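Asker: Below is the file query.txt, which contains compact mmCIF, C-alpha atoms.
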# COMPACT_ATOMS: atom_id res chain seq x y z
CA MET W 1487 6.27 -272.54 -33.19
CA LYS W 1488 9.10 -270.13 -33.81
CA ASN W 1489 7.86 -269.39 -37.34
CA LYS W 1490 4.36 -268.73 -35.92
CA GLN W 1491 5.80 -266.22 -33.48
CA ASN W 1492 7.81 -264.54 -36.24
CA THR W 1493 4.70 -264.38 -38.45
CA ASP W 1494 2.66 -262.77 -35.68
CA LEU W 1495 5.38 -260.16 -35.10
CA PHE W 1496 5.60 -259.40 -38.84
CA ILE W 1497 1.83 -258.91 -39.07
CA ALA W 1498 1.87 -256.53 -36.09
CA ASP W 1499 4.77 -254.61 -37.64
CA ILE W 1500 2.99 -254.36 -41.01
CA VAL W 1501 -0.11 -252.96 -39.32
CA ALA W 1502 1.97 -250.39 -37.43
CA ALA W 1503 3.88 -249.36 -40.58
CA GLY W 1504 0.63 -249.13 -42.58
CA LEU W 1505 -1.08 -246.95 -40.01
CA SER W 1506 1.90 -244.60 -39.96
CA GLY W 1507 1.93 -244.40 -43.77
CA ASP W 1508 5.43 -245.88 -44.11
CA LYS W 1509 5.10 -247.64 -47.48
CA THR W 1510 8.79 -248.55 -47.63
CA ARG W 1511 8.66 -250.35 -44.27
CA VAL W 1512 5.44 -252.14 -45.25
CA GLU W 1513 7.22 -253.50 -48.34
CA THR W 1514 10.34 -254.52 -46.41
CA ILE W 1515 8.38 -256.36 -43.70
CA SER W 1516 6.10 -257.97 -46.31
CA LEU W 1517 9.15 -259.38 -48.13
CA SER W 1518 10.48 -260.77 -44.85
CA LEU W 1519 7.08 -262.31 -44.07
CA ALA W 1520 6.92 -263.92 -47.52
CA ARG W 1521 10.34 -265.50 -46.95
CA VAL W 1522 9.30 -266.91 -43.57
CA LEU W 1523 6.10 -268.38 -45.07
CA LYS W 1524 7.81 -269.82 -48.14
CA LYS W 1525 8.37 -273.28 -46.63
CA ASP W 1526 5.19 -273.82 -44.59
CA ASN W 1527 2.71 -271.82 -46.65
CA PRO W 1528 4.08 -271.37 -50.19
CA GLU W 1529 0.71 -270.26 -51.61
CA LEU W 1530 0.41 -267.36 -49.18
CA SER W 1531 4.09 -266.52 -49.76
CA ASP W 1532 3.52 -266.35 -53.52
CA ALA W 1533 0.39 -264.25 -53.01
CA ILE W 1534 2.38 -261.69 -50.98
CA TYR W 1535 5.13 -261.53 -53.63
CA ASN W 1536 2.51 -261.10 -56.36
CA LYS W 1537 0.80 -258.28 -54.45
CA ILE W 1538 4.12 -256.47 -54.04
CA ASN W 1539 4.92 -256.78 -57.74
CA THR W 1540 1.38 -255.77 -58.78
CA ILE W 1541 1.48 -252.60 -56.70
CA GLN W 1542 4.93 -251.75 -58.11
CA HIS W 1543 3.70 -252.02 -61.71
CA VAL W 1544 0.64 -249.87 -60.94
CA GLY W 1545 3.01 -247.20 -59.62
CA ASP W 1546 5.02 -247.27 -62.81
CA ALA W 1547 1.90 -246.69 -64.90
CA GLY W 1548 0.83 -243.86 -62.62
CA LEU W 1549 3.92 -241.76 -63.24
CA ARG W 1550 3.48 -241.90 -66.97
CA GLY W 1551 0.23 -240.05 -66.47
CA ILE W 1552 2.21 -237.03 -65.29
CA PRO W 1553 -0.79 -234.66 -64.98
CA GLY W 1554 -2.03 -236.80 -62.07
CA ASN W 1555 1.38 -236.73 -60.42
CA PRO W 1556 2.43 -233.09 -60.03
CA VAL W 1557 6.11 -232.50 -59.42
CA PRO W 1558 6.84 -231.26 -55.87
CA THR W 1559 7.33 -227.51 -55.59
CA ASP W 1560 8.89 -225.23 -52.99
CA SER W 1561 6.10 -223.76 -50.88
CA GLU W 1562 7.61 -220.26 -51.00
CA THR W 1563 9.15 -219.89 -54.45
CA HIS W 1564 6.65 -222.29 -56.13
CA LEU W 1565 9.53 -223.57 -58.27
CA GLU W 1566 9.48 -227.21 -59.25
CA MET W 1567 12.13 -229.07 -57.28
CA ALA W 1568 12.69 -231.82 -59.83
CA GLN W 1569 12.55 -232.55 -63.54
CA VAL W 1570 10.74 -235.63 -64.81
CA PHE W 1571 11.74 -237.41 -68.03
CA SER W 1572 9.63 -240.23 -69.41
CA PRO W 1573 11.48 -243.23 -70.92
CA GLN W 1574 10.04 -242.39 -74.33
CA SER W 1575 11.68 -238.94 -74.27
CA GLU W 1576 15.21 -240.32 -73.91
CA ASP W 1577 17.63 -240.59 -76.82
CA SER W 1578 18.50 -244.08 -78.06
CA GLN W 1579 22.21 -243.34 -77.76
CA SER W 1580 23.98 -245.05 -74.86
CA PRO W 1581 27.20 -243.71 -73.34
CA VAL W 1582 30.47 -245.06 -74.77
CA PHE W 1583 32.33 -246.92 -72.01
CA ASN W 1584 35.01 -249.60 -71.69
CA VAL W 1585 34.17 -253.32 -71.58
CA MET W 1586 34.42 -253.64 -67.79
CA LEU W 1587 32.04 -250.73 -67.23
CA ARG W 1588 29.58 -252.03 -69.81
CA GLU W 1589 29.57 -255.42 -68.06
CA GLN W 1590 28.86 -253.78 -64.70
CA ILE W 1591 25.92 -251.88 -66.14
CA ALA W 1592 24.62 -254.99 -67.93
CA GLY W 1593 24.80 -256.86 -64.61
CA ILE W 1594 22.63 -254.23 -62.90
CA LEU W 1595 20.05 -254.33 -65.71
CA ASN W 1596 20.03 -258.14 -65.60
CA GLU W 1597 19.21 -258.04 -61.88
CA TRP W 1598 16.21 -255.83 -62.63
CA THR W 1599 15.10 -258.10 -65.46
CA ASN W 1600 15.11 -260.97 -62.95
CA LYS W 1601 13.91 -258.89 -59.99
CA GLU W 1602 10.97 -261.15 -59.16
CA THR W 1603 13.21 -264.23 -59.01
CA LEU W 1604 15.64 -262.42 -56.72
CA LEU W 1605 12.86 -261.20 -54.41
CA ARG W 1606 11.42 -264.69 -54.12
CA ASN W 1607 14.81 -265.82 -52.87
CA GLY W 1608 15.11 -263.01 -50.36
CA VAL W 1609 17.51 -260.83 -52.36
CA LYS W 1610 16.88 -257.32 -53.66
CA PRO W 1611 18.32 -256.09 -56.96
CA ILE W 1612 20.84 -253.26 -56.83
CA ASN W 1613 18.77 -250.11 -56.37
CA LYS W 1614 21.15 -247.62 -54.74
CA LEU W 1615 23.94 -246.72 -57.13
CA MET W 1616 26.71 -244.13 -56.78
CA LEU W 1617 28.45 -242.86 -59.93
CA ILE W 1618 31.72 -241.00 -59.41
CA GLY W 1619 34.10 -239.37 -61.87
CA ASN W 1620 35.29 -236.09 -63.32
CA PRO W 1621 32.77 -233.62 -64.76
CA GLY W 1622 31.60 -234.51 -68.27
CA THR W 1623 32.47 -238.23 -68.16
CA GLY W 1624 28.87 -239.35 -68.73
CA LYS W 1625 27.45 -239.94 -65.24
CA THR W 1626 24.16 -238.14 -65.84
CA MET W 1627 23.85 -239.64 -69.32
CA LEU W 1628 24.32 -243.12 -67.83
CA ALA W 1629 21.56 -242.49 -65.27
CA ARG W 1630 19.21 -241.48 -68.09
CA ASP W 1631 20.19 -244.53 -70.11
CA ILE W 1632 19.54 -246.89 -67.16
CA ALA W 1633 16.10 -245.34 -66.56
CA ALA W 1634 15.22 -245.67 -70.26
CA LYS W 1635 16.33 -249.31 -70.36
CA LEU W 1636 14.29 -250.09 -67.24
CA GLY W 1637 11.27 -248.41 -68.83
CA LYS W 1638 11.01 -246.06 -65.86
CA SER W 1639 10.64 -242.32 -65.68
CA LEU W 1640 13.68 -240.41 -64.45
CA VAL W 1641 13.20 -237.89 -61.65
CA VAL W 1642 16.14 -235.47 -61.46
CA LEU W 1643 16.49 -233.48 -58.26
CA ASP W 1644 16.99 -229.78 -58.94
CA LEU W 1645 19.49 -228.87 -56.23
CA SER W 1646 19.26 -225.13 -56.91
CA SER W 1647 15.61 -225.07 -55.78
CA SER W 1648 16.05 -227.66 -53.04
CA ILE W 1649 18.86 -226.19 -50.98
CA SER W 1650 17.59 -223.46 -48.72
CA ASN W 1651 19.20 -221.47 -45.94
CA LEU W 1652 15.98 -221.60 -43.94
CA LEU W 1653 16.19 -223.87 -40.92
CA GLY W 1654 14.81 -227.31 -41.70
CA LYS W 1655 13.66 -226.28 -45.18
CA THR W 1656 16.28 -228.12 -47.25
CA GLY W 1657 15.67 -231.47 -45.61
CA HIS W 1658 11.92 -231.02 -46.05
CA ASN W 1659 12.26 -230.13 -49.74
CA ILE W 1660 14.53 -233.07 -50.47
CA LYS W 1661 12.22 -235.45 -48.61
CA LYS W 1662 9.30 -234.30 -50.78
CA VAL W 1663 11.22 -235.24 -53.94
CA LEU W 1664 12.38 -238.55 -52.46
CA ASN W 1665 8.78 -239.46 -51.56
CA TYR W 1666 7.59 -238.47 -55.04
CA ALA W 1667 10.16 -240.78 -56.66
CA LYS W 1668 9.36 -243.67 -54.31
CA GLN W 1669 5.60 -243.39 -54.68
CA ASN W 1670 5.90 -243.51 -58.48
CA ASN W 1671 8.46 -246.34 -58.66
CA SER W 1672 10.80 -244.23 -60.77
CA VAL W 1673 14.54 -243.80 -61.03
CA LEU W 1674 15.66 -240.88 -58.87
CA LEU W 1675 18.82 -239.05 -59.88
CA LEU W 1676 20.53 -236.98 -57.20
CA ASP W 1677 22.90 -235.09 -59.48
CA GLU W 1678 26.09 -233.59 -57.99
CA PHE W 1679 25.35 -235.39 -54.75
CA ASP W 1680 28.35 -233.86 -52.98
CA ALA W 1681 26.52 -230.50 -52.96
CA ILE W 1682 24.04 -231.82 -50.38
CA ALA W 1683 26.03 -234.61 -48.73
CA LYS W 1684 29.14 -232.88 -47.41
CA LYS W 1685 30.97 -234.36 -44.45
CA ARG W 1686 29.01 -233.81 -41.30
CA ASP W 1687 32.17 -232.65 -39.52
CA ASP W 1688 32.91 -229.99 -42.17
CA ASN W 1689 32.93 -226.76 -40.15
CA SER W 1690 32.71 -224.64 -43.31
CA ASP W 1691 29.11 -225.73 -43.90
CA LEU W 1692 25.90 -224.59 -42.30
CA GLY W 1693 24.24 -226.84 -39.76
CA GLU W 1694 21.39 -227.17 -42.23
CA ILE W 1695 23.54 -229.23 -44.61
CA LYS W 1696 24.47 -231.55 -41.77
CA ARG W 1697 20.81 -232.13 -41.05
CA VAL W 1698 20.28 -232.91 -44.74
CA VAL W 1699 22.93 -235.63 -44.52
CA ASN W 1700 21.00 -237.22 -41.68
CA VAL W 1701 17.80 -237.13 -43.76
CA LEU W 1702 19.63 -238.84 -46.63
CA LEU W 1703 21.12 -241.49 -44.36
CA MET W 1704 17.68 -242.46 -43.10
CA GLU W 1705 16.13 -242.49 -46.58
CA LEU W 1706 18.94 -244.52 -48.13
CA GLU W 1707 18.67 -247.15 -45.40
CA ASP W 1708 15.27 -248.42 -46.57
CA TRP W 1709 14.98 -247.36 -50.19
CA PRO W 1710 12.20 -249.54 -51.74
CA SER W 1711 13.12 -252.31 -54.17
CA ASN W 1712 10.68 -251.08 -56.83
CA SER W 1713 12.57 -247.79 -57.24
CA MET W 1714 16.20 -247.02 -58.05
CA LEU W 1715 18.23 -244.19 -56.58
CA ILE W 1716 21.31 -243.02 -58.49
CA ALA W 1717 23.65 -240.38 -57.10
CA THR W 1718 26.50 -238.73 -58.97
CA SER W 1719 29.55 -237.00 -57.55
CA ASN W 1720 32.46 -235.09 -59.05
CA HIS W 1721 34.12 -234.86 -55.63
CA PRO W 1722 33.65 -238.17 -53.76
CA GLU W 1723 36.23 -237.10 -51.17
CA LEU W 1724 33.68 -234.59 -49.83
CA LEU W 1725 31.06 -237.25 -49.09
CA ASP W 1726 30.30 -238.39 -45.58
CA ARG W 1727 31.73 -241.88 -44.93
CA ALA W 1728 28.36 -243.03 -43.58
CA ILE W 1729 26.83 -242.18 -46.98
CA TRP W 1730 29.09 -244.63 -48.81
CA ARG W 1731 27.89 -247.59 -46.72
CA ARG W 1732 24.27 -246.99 -47.78
CA PHE W 1733 24.93 -247.60 -51.49
CA ASP W 1734 24.78 -251.09 -53.00
CA MET W 1735 27.41 -250.29 -55.60
CA VAL W 1736 29.86 -247.53 -56.48
CA ILE W 1737 30.95 -247.19 -60.12
CA GLU W 1738 33.84 -244.98 -61.11
CA ILE W 1739 33.57 -243.58 -64.63
CA PRO W 1740 37.03 -242.77 -66.02
CA MET W 1741 37.97 -240.28 -68.69
CA PRO W 1742 37.56 -241.83 -72.16
CA SER W 1743 40.44 -243.80 -73.65
CA ALA W 1744 41.70 -243.00 -77.15
CA ASN W 1745 39.40 -245.63 -78.70
CA GLU W 1746 36.40 -244.43 -76.70
CA ALA W 1747 37.19 -240.81 -77.60
CA SER W 1748 37.25 -241.61 -81.31
CA SER W 1749 33.94 -243.52 -81.04
CA ILE W 1750 32.27 -240.62 -79.20
CA PHE W 1751 33.66 -238.11 -81.69
CA SER W 1752 32.71 -240.03 -84.84
CA PHE W 1753 29.23 -240.94 -83.52
CA ASN W 1754 28.40 -237.29 -82.80
CA LEU W 1755 30.07 -236.01 -85.96
CA PHE W 1756 28.06 -238.00 -88.47
CA PRO W 1757 25.90 -238.24 -90.51
CA LEU W 1758 27.97 -236.38 -93.04
CA GLU W 1759 28.42 -237.08 -96.72
CA GLU W 1760 30.32 -240.33 -97.35
CA GLU W 1761 33.28 -238.56 -98.97
CA ASP W 1762 33.71 -236.36 -95.89
CA LYS W 1763 34.27 -239.25 -93.50
CA PHE W 1764 37.63 -239.85 -91.84
CA GLU W 1765 39.85 -242.70 -92.89
CA ASN W 1766 40.52 -245.01 -89.92
CA ASN W 1767 44.17 -243.97 -89.63
CA LEU W 1768 43.26 -240.28 -89.56
CA LEU W 1769 40.62 -240.92 -86.87
CA GLU W 1770 43.24 -242.74 -84.77
CA ILE W 1771 45.55 -239.72 -85.01
CA ILE W 1772 42.71 -237.34 -84.14
CA SER W 1773 41.89 -239.49 -81.08
CA THR W 1774 45.46 -238.94 -79.86
CA LEU W 1775 44.81 -235.19 -79.90
CA LEU W 1776 41.60 -235.75 -77.89
CA GLU W 1777 43.51 -237.27 -74.99
CA GLY W 1778 42.53 -235.80 -71.62
CA ARG W 1779 39.20 -234.44 -72.84
CA SER W 1780 35.94 -235.52 -71.22
CA ALA W 1781 33.14 -237.20 -73.15
CA SER W 1782 31.09 -234.02 -72.84
CA ASP W 1783 33.91 -231.91 -74.30
CA ILE W 1784 34.32 -234.32 -77.22
CA VAL W 1785 30.59 -234.19 -78.02
CA LYS W 1786 30.70 -230.37 -78.00
CA LEU W 1787 33.77 -230.42 -80.26
CA ALA W 1788 31.99 -232.67 -82.77
CA HIS W 1789 29.01 -230.32 -82.87
CA ARG W 1790 31.27 -227.29 -83.44
CA VAL W 1791 33.04 -229.10 -86.26
CA LYS W 1792 29.72 -229.87 -87.96
CA LYS W 1793 28.71 -226.20 -87.73
CA ARG W 1794 32.04 -225.15 -89.26
CA ILE W 1795 31.57 -227.58 -92.16
CA ILE W 1796 28.02 -226.36 -92.79
CA LEU W 1797 28.56 -222.63 -92.35
CA LYS W 1798 32.14 -222.17 -93.56
CA GLN W 1799 32.21 -224.95 -96.15
CA GLU W 1800 35.43 -226.35 -94.67
CA LYS W 1801 36.46 -229.95 -95.21
CA LEU W 1802 36.23 -232.34 -92.27
CA LEU W 1803 39.89 -232.60 -91.28
CA PRO W 1804 40.77 -228.88 -91.48
CA ALA W 1805 37.54 -228.04 -89.65
CA THR W 1806 38.46 -230.51 -86.87
CA LEU W 1807 42.00 -229.14 -86.52
CA ASN W 1808 40.76 -225.54 -86.56
CA GLU W 1809 38.25 -226.27 -83.79
CA LEU W 1810 40.78 -228.24 -81.75
CA GLU W 1811 43.17 -225.31 -81.92
CA ALA W 1812 40.50 -222.66 -81.34
CA GLY W 1813 39.21 -224.37 -78.21
CA SER W 1814 42.59 -225.15 -76.68
CA LEU W 1815 45.34 -223.24 -74.94
CA ASP W 1816 47.71 -225.33 -77.03
CA LYS W 1817 48.07 -223.51 -80.37
CA LYS W 1818 50.33 -226.21 -81.82
CA VAL W 1819 47.59 -228.73 -82.61
CA LYS W 1820 48.13 -228.58 -86.37
CA GLY W 1821 51.87 -228.98 -85.95
CA LYS W 1822 51.43 -232.04 -83.75
CA PHE W 1823 48.98 -233.53 -86.25
CA CYS W 1824 51.45 -233.06 -89.12
CA GLN W 1825 54.16 -234.84 -87.11
CA LEU W 1826 51.83 -237.70 -86.10
CA LEU W 1827 50.63 -238.07 -89.69
CA LYS W 1828 54.20 -238.32 -91.00
CA GLN W 1829 55.12 -240.82 -88.25
CA SER W 1830 52.12 -242.96 -89.16
CA TYR W 1831 52.48 -242.92 -92.96
CA GLY W 1832 56.21 -242.29 -93.37
CA ALA W 1833 57.34 -242.08 -96.99
CA LYS W 1834 53.84 -243.04 -98.15
CA ILE W 1835 52.63 -239.49 -97.64
CA SER W 1836 54.16 -236.37 -99.14
CA VAL W 1837 54.45 -232.89 -97.67
CA ARG W 1838 52.11 -231.67 -100.39
CA LYS W 1839 49.48 -234.28 -99.44
CA ILE W 1840 49.70 -233.31 -95.76
CA ALA W 1841 49.22 -229.68 -96.79
CA GLU W 1842 46.19 -230.66 -98.85
CA LEU W 1843 44.66 -232.62 -95.95
CA THR W 1844 45.25 -230.03 -93.25
CA GLY W 1845 44.68 -226.86 -95.23
CA LEU W 1846 48.17 -225.62 -94.34
CA SER W 1847 50.70 -224.29 -96.85
CA VAL W 1848 53.52 -226.57 -98.01
CA SER W 1849 56.05 -224.33 -96.26
CA GLY W 1850 53.90 -224.42 -93.11
CA VAL W 1851 53.93 -228.23 -93.09
CA GLN W 1852 57.70 -228.29 -93.69
CA HIS W 1853 58.13 -225.90 -90.77
CA HIS W 1854 56.17 -228.20 -88.43
CA LEU W 1855 57.97 -231.33 -89.58
CA LYS W 1856 61.39 -229.82 -88.88
CA LYS W 1857 60.55 -229.35 -85.18
What's the structure tokens form of this structure?
Answerer:
Amino acid sequence: MKNKQNTDLFIADIVAAGLSGDKTRVETISLSLARVLKKDNPELSDAIYNKINTIQHVGDAGLRGIPGNPVPTDSETHLEMAQVFSPQSEDSQSPVFNVMLREQIAGILNEWTNKETLLRNGVKPINKLMLIGNPGTGKTMLARDIAAKLGKSLVVLDLSSSISNLLGKTGHNIKKVLNYAKQNNSVLLLDEFDAIAKKRDDNSDLGEIKRVVNVLLMELEDWPSNSMLIATSNHPELLDRAIWRRFDMVIEIPMPSANEASSIFSFNLFPLEEEDKFENNLLEIISTLLEGRSASDIVKLAHRVKKRIILKQEKLLPATLNELEAGSLDKKVKGKFCQLLKQSYGAKISVRKIAELTGLSVSGVQHHLKK
């Protein structure tokens, strides 16, 4: 009797949500109804689950036909408020992270692979993810990689065209992008989330931003299971505490370790001719000099080194040291490298060989080694 009453209430709620156009609530109630029916009416329960999954897959196909799904624009400036990237347009390269982080990401992808099984057991896969870390650590790249691996298009919110000083305009603009992402079952990336989700009690911000936080809180509460929302933040301390509770998982992306730095550097440096490649020991020493640099900075360094090799005909190691020194306030990079090289090889390497490797004069190497 109790199940019959629950079923009747669910049906009434679904009708109400459908008439109001609230697709997210229709899905949520339908999942609850399917769970209630699972024991007494398994065929109807399965039929509801199948309908939900069928509609989700149709949405995915719809977004790939981008001409039929125009990106939301600001009604006054007519600027597009988001960028859309199809899975096919993403690079095959995945970010270089430590083992623990890779396992976390693999766990999220595994939940999506087994989404139907989870839903049938009344559990949703992780679909609201917060990525925090310093600028350049790979947060945005990870969001793109997740979308590509899920085979979903990535919708990136363009904050510069979303935030408006006009009363009520920002919240309206953001809601348009959120609805676009939900309707097309895509991955939505809210990049630099702290720009629109400041603390509601921050007196330095306009009341408009505080209203935006309230919009986000409501949207995050019932984000549909067929879509994933990823937010990134360089300044998590600025985020409203109520925002944190709405996310299923928070992942902190650290600065790259020495091993990760060398992997990022070597991956973005090659392909070069075989004879130009670093020996492992030299790459280890170079990675020591990369300490404290973000993944983004290391990628840019590798690209500058390649340009120097191509345009100035420099060898790999001198080109790397020259770029390290040119792009740093520390003008003692070559000296440090000479010292590290001598410490690593000891008597096995001569001053003349160090000079040959680095492009320094013999007297210059001797000067650095005396320090």
Asker: Given the point (30.2, -225.8, -88.9) in the file's coordinates, find the residues that have an atom at most 12 Å from it, counting only C-alpha atoms, and give them as an NGL selection string.
Answerer: :W and (1755 or 1758 or 1786-1802 or 1804-1806 or 1808-1809)
Asker: Would you compute the distance between CA of Val1501 in chain W and CA of Lys1662 in chain W? Give it in Å to one decimal.
Answerer: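 Separation of CA of Val1501 in chain W and CA of Lys1662 in chain W: 23.8 Å.
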Asker: Separation of CA of Thr1623 in chain W and CA of Ala1681 in chain W, in Å?
Answerer: 18.1 Å
Asker: What is the distance, in Å and to one decimal place, between CA of Ile1750 in chain W and CA of Ile1835 in chain W?
Answerer: 27.5 Å
Asker: Would you kindly return, as a VMD selection string, each protein, DNA or RNA residue with an atom no farther than 12 Å from any atom of range 1851-1854 of chain W, considering all atoms listed in the file and excluding same-chain residues fewer than 5 positions away?
Answerer: chain W and resid 1818 to 1828 1836 to 1846
Asker: Restricting the calculation to all atoms listed in the file: of W:Thr1774, W:Ser1743, W:Ser1518, W:Ser1713, which residue gets closest to Val1609 in chain W?
Answerer: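 The closest residue to Val1609 in chain W is W:Ser1518.
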Asker: Kindly indicate which residue among W:Leu1715, W:Leu1724, W:Ile1729, W:Ile1612 lies nearest to Leu1702 in chain W, using only C-alpha atoms for the distances.
Answerer: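 When distances to Leu1702 in chain W are compared using only C-alpha atoms, the smallest one comes from W:Ile1729.
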Asker: Once 3 Å is added on each side, what are the centre and the three edge lengths, in Å to one decimal, of the axis-aligned box enclosing the listed atoms of range 1795-1807 of chain W? Present them as lines of an AutoDock Vina configuration file.
Answerer:
center_x = 35.0
center_y = -227.4
center_z = -91.3
size_x = 20.0
size_y = 16.4
size_z = 15.6
Asker: As a VMD selection string, please: the residues near Leu1605 in chain W (cut-off 12 Å, all atoms listed in the file, same-chain neighbours under 6 positions excluded).
Answerer: chain W and resid 1513 to 1514 1516 to 1521 1524 1531 to 1532 1534 to 1536 1538 to 1539 1597 to 1599 1611 to 1612 1710 to 1712
Asker: So that I can see what lies close to Met1741 in chain W, please list as a tab-separated table (two decimals) with C-alpha atoms, keeping the file's coordinate frame the residues with an atom at most 8 Å from it, counting only C-alpha atoms and leaving out residues fewer than 5 positions away in the same chain.
Answerer:
chain	number	residue	atom	x	y	z
W	1619	GLY	CA	34.10	-239.37	-61.87
W	1620	ASN	CA	35.29	-236.09	-63.32
W	1623	THR	CA	32.47	-238.23	-68.16
W	1778	GLY	CA	42.53	-235.80	-71.62
W	1779	ARG	CA	39.20	-234.44	-72.84
W	1780	SER	CA	35.94	-235.52	-71.22
W	1781	ALA	CA	33.14	-237.20	-73.15
Asker: Using only C-alpha atoms, can you tell me which of W:Glu1738, W:Glu1705, W:Glu1811, W:Glu1723 comes closest to Leu1775 in chain W?
Answerer: W:Glu1811
Asker: Within 10 Å of range 1589-1595 of chain W, counting only C-alpha atoms, which residues qualify if same-chain residues fewer than 5 places away don't, as a count of residues only?
Answerer: 15
